[in-house]
Amino acid sequence: MRLIDFVVVGVQKAGTTALYDYLSGDPAYGMAIEKEAHFFDNDALNWETPSYESYHAQFDWSRPLIRGEATPIYIYWPNCLERIAAYNRAMKIVVMLRDPIERAWSHWKMETARGVETRDFSWCIRNGRKRLRDTDPWGVHREFSYVERGFYGEQLERLFRFFPRDQVLIVEANDLRRKPADPLSRLSKFLGAPPPAATDRRSVHTGPASSVSPSEHDVALMREIYAEDNARLRVLTGLSY
């Protein structure tokens, strides 16, 4: 059975759409028809004996390509990494990271603009976290997980239990935004693709500019929340936010 070669597993609001856009324009790659395939986070499927037919239907199989997709909830949502490993132990994994406070703020702005979130950011990162105690699966939420999706150390520790480090590439959102040629060259080498053509910077789904930002109290609180996990991230990757 032919298998998908790589997947961008996260994180949300860290440039995964821009990366998908870059790769979709490169003839070496065959990206999923829709940026977010949302296959491995589909809890309605029978994961005891899964069928991959609907997943593979999202890709072009007519010619030799390096096939991949980008669904940034995979690194956060329960059981996704196990399911990906069961599908393809040799899968190459790409993880995009961004300062977790910037990520949370961007996430909250998106959900507010969509009308999903009606409370202010300060409430959401304090009292709003209690909403995840009443969810199924317990403790996770697709929309209200502003703080929880930023525990990168915990998520990467879990990822490395299923995939060896030489199958994982970490790309920082700021690098892709400021000088895309460098991370795209690293990615092509990682995936065994020809070097990318000269690339101009682009912005995809960045949202409207805003002069509003989290308060100093909110930032201080989140730095405290993330301190222990950030230390784990530094040990794992050398990165620190």
# chains A, B, ... in the order shown; residues from 1 in each chain; ligands from 1
>>> select_by_dssp(residues="segment 48-172 of chain A", states="strand (DSSP E)", output="list of chain:residue names")
A:Ile66, A:Arg67, A:Gly68, A:Glu69, A:Ala70, A:Lys92, A:Ile93, A:Val94, A:Val95, A:Met96, A:Leu97, A:Val168, A:Leu169, A:Ile170, A:Val171, A:Glu172
>>> residues_around(residues="Gly10 of chain A", least_positions_apart="2", cutoff="7 Å", atoms="only C-alpha atoms", output="list in words")
Val8, Gln12, Thr71, Pro72, Ile73, Tyr74, Ile75, Val95 and Met96 of chain A
>>> write_last_selection(atoms="C-alpha atoms", output="PDB file, in the first residue's frame")
ATOM      1  CA  VAL A   8       2.599  18.680   9.697  1.00  0.00           C
ATOM      2  CA  GLN A  12      -2.186  25.714  15.465  1.00  0.00           C
ATOM      3  CA  THR A  71      -3.559  19.293  10.341  1.00  0.00           C
ATOM      4  CA  PRO A  72      -2.253  21.217  13.365  1.00  0.00           C
ATOM      5  CA  ILE A  73      -4.547  19.616  15.914  1.00  0.00           C
ATOM      6  CA  TYR A  74      -2.788  16.255  15.554  1.00  0.00           C
ATOM      7  CA  ILE A  75      -0.045  16.949  18.101  1.00  0.00           C
ATOM      8  CA  VAL A  95       6.198  20.528  13.958  1.00  0.00           C
ATOM      9  CA  MET A  96       5.876  24.300  13.732  1.00  0.00           C
TER      10      MET A  96
END
>>> closest_residue(among="A:Ser188, A:Thr17, A:Thr112, A:Ser145", to="Tyr29 of chain A", atoms="only C-alpha atoms")
A:Ser188
>>> select_by_dssp(residues="segment 13-104 of chain A", states="helix (DSSP H, G or I)", output="VMD selection string")
chain A and resid 16 to 24 53 to 56 80 to 87 100 to 104
>>> write_last_selection(atoms="N, CA and C atoms", output="CSV table (one decimal), in the first residue's frame")
chain,number,residue,atom,x,y,z
A,16,THR,N,1.3,27.1,10.0
A,16,THR,CA,1.1,25.8,9.2
A,16,THR,C,0.4,26.1,7.9
A,17,THR,N,-0.5,27.1,7.9
A,17,THR,CA,-1.2,27.4,6.6
A,17,THR,C,-0.2,28.0,5.6
A,18,ALA,N,0.7,28.9,6.1
A,18,ALA,CA,1.7,29.4,5.2
A,18,ALA,C,2.6,28.3,4.7
A,19,LEU,N,3.0,27.4,5.5
A,19,LEU,CA,3.8,26.3,5.1
A,19,LEU,C,3.1,25.4,4.0
A,20,TYR,N,1.8,25.1,4.3
A,20,TYR,CA,1.0,24.4,3.3
A,20,TYR,C,1.0,25.1,2.0
A,21,ASP,N,0.8,26.4,2.0
A,21,ASP,CA,0.8,27.2,0.8
A,21,ASP,C,2.1,27.2,0.0
A,22,TYR,N,3.2,27.3,0.7
A,22,TYR,CA,4.5,27.2,0.1
A,22,TYR,C,4.7,25.8,-0.6
A,23,LEU,N,4.4,24.8,0.1
A,23,LEU,CA,4.6,23.4,-0.4
A,23,LEU,C,3.6,23.1,-1.5
A,24,SER,N,2.4,23.6,-1.5
A,24,SER,CA,1.5,23.4,-2.6
A,24,SER,C,1.9,24.0,-3.9
A,53,GLU,N,-9.0,4.6,2.9
A,53,GLU,CA,-9.5,4.9,1.6
A,53,GLU,C,-9.9,6.4,1.5
A,54,SER,N,-10.6,6.9,2.4
A,54,SER,CA,-11.1,8.3,2.4
A,54,SER,C,-9.9,9.2,2.6
A,55,TYR,N,-8.9,8.8,3.3
A,55,TYR,CA,-7.7,9.6,3.5
A,55,TYR,C,-6.9,9.7,2.2
A,56,HIS,N,-6.7,8.6,1.6
A,56,HIS,CA,-5.9,8.6,0.4
A,56,HIS,C,-6.6,9.3,-0.8
A,80,CYS,N,-4.0,10.8,18.3
A,80,CYS,CA,-3.6,11.1,16.9
A,80,CYS,C,-2.3,10.5,16.6
A,81,LEU,N,-1.3,10.8,17.5
A,81,LEU,CA,0.1,10.3,17.2
A,81,LEU,C,0.2,8.8,17.1
A,82,GLU,N,-0.6,8.1,18.0
A,82,GLU,CA,-0.6,6.7,18.0
A,82,GLU,C,-1.2,6.2,16.6
A,83,ARG,N,-2.2,6.9,16.2
A,83,ARG,CA,-2.9,6.5,14.9
A,83,ARG,C,-2.0,6.7,13.7
A,84,ILE,N,-1.2,7.8,13.8
A,84,ILE,CA,-0.3,8.1,12.7
A,84,ILE,C,0.8,7.0,12.7
A,85,ALA,N,1.3,6.7,13.8
A,85,ALA,CA,2.4,5.7,13.9
A,85,ALA,C,1.9,4.3,13.4
A,86,ALA,N,0.7,4.0,13.8
A,86,ALA,CA,0.1,2.7,13.3
A,86,ALA,C,-0.1,2.7,11.8
A,87,TYR,N,-0.3,3.8,11.2
A,87,TYR,CA,-0.5,4.0,9.8
A,87,TYR,C,0.8,3.9,9.1
A,100,PRO,N,4.2,30.5,22.8
A,100,PRO,CA,2.9,30.0,23.2
A,100,PRO,C,1.9,31.1,23.6
A,101,ILE,N,2.4,32.2,24.1
A,101,ILE,CA,1.5,33.3,24.5
A,101,ILE,C,1.0,34.0,23.2
A,102,GLU,N,1.9,34.2,22.3
A,102,GLU,CA,1.5,34.8,21.0
A,102,GLU,C,0.5,33.8,20.3
A,103,ARG,N,0.8,32.5,20.4
A,103,ARG,CA,-0.1,31.5,19.8
A,103,ARG,C,-1.5,31.6,20.5
A,104,ALA,N,-1.5,31.6,21.8
A,104,ALA,CA,-2.8,31.6,22.5
A,104,ALA,C,-3.6,32.9,22.2
>>> atom_distance(atom1="atom CA of Tyr152 of chain A", atom2="atom CA of Leu233 of chain A")
6.4 Å
>>> residues_around(residues="Gly128 of chain A", least_positions_apart="3", cutoff="10 Å", atoms="only C-alpha atoms", output="tab-separated table (two decimals) with C-alpha atoms, in the first residue's frame")
chain	number	residue	atom	x	y	z
A	119	ARG	CA	-15.48	36.02	26.77
A	120	ASP	CA	-12.38	38.22	27.05
A	121	PHE	CA	-8.88	36.78	26.89
A	122	SER	CA	-8.16	37.40	30.56
A	123	TRP	CA	-11.18	35.35	31.64
A	124	CYS	CA	-10.40	32.59	29.14
A	125	ILE	CA	-6.89	31.91	30.40
A	131	ARG	CA	-14.51	24.43	30.59
A	132	LEU	CA	-12.17	21.62	29.56
A	144	PHE	CA	-11.20	26.75	23.93
A	145	SER	CA	-7.72	25.22	24.30
A	146	TYR	CA	-5.86	28.55	24.25
A	147	VAL	CA	-3.49	27.67	27.09
>>> closest_residue(among="A:Trp47, A:Tyr241, A:Trp108, A:Phe6", to="Asn79 of chain A", atoms="only C-alpha atoms")
A:Trp47
>>> closest_residue(among="A:Arg232, A:Arg178, A:Ala14, A:Arg89", to="Arg161 of chain A", atoms="only C-alpha atoms")
A:Arg89
>>> closest_residue(among="A:Phe162, A:Phe39, A:Phe151, A:Tyr76", to="Arg98 of chain A", atoms="only C-alpha atoms")
A:Phe151
>>> atom_distance(atom1="atom CA of Thr199 of chain A", atom2="atom CA of Gly15 of chain A")
15.7 Å
>>> closest_residue(among="A:Ser215, A:Ser106, A:Ser240, A:Gln58", to="Ala227 of chain A", atoms="only C-alpha atoms")
A:Ser240
>>> closest_residue(among="A:Lys109, A:Arg2, A:Arg67, A:Arg133", to="Ser213 of chain A", atoms="only C-alpha atoms")
A:Lys109
>>> atom_distance(atom1="atom CA of Asn46 of chain A", atom2="atom CA of Phe160 of chain A")
25.0 Å
>>> residues_around(residues="Asn88 of chain A", least_positions_apart="6", cutoff="9 Å", atoms="only C-alpha atoms", output="list of chain:residue names")
A:Leu3, A:Ile4, A:Asp5
>>> write_last_selection(atoms="C-alpha atoms", output="PDB file, in the first residue's frame")
ATOM      1  CA  LEU A   3       1.489   5.686   2.115  1.00  0.00           C
ATOM      2  CA  ILE A   4       1.577   9.409   2.809  1.00  0.00           C
ATOM      3  CA  ASP A   5       5.157  10.537   3.380  1.00  0.00           C
TER       4      ASP A   5
END
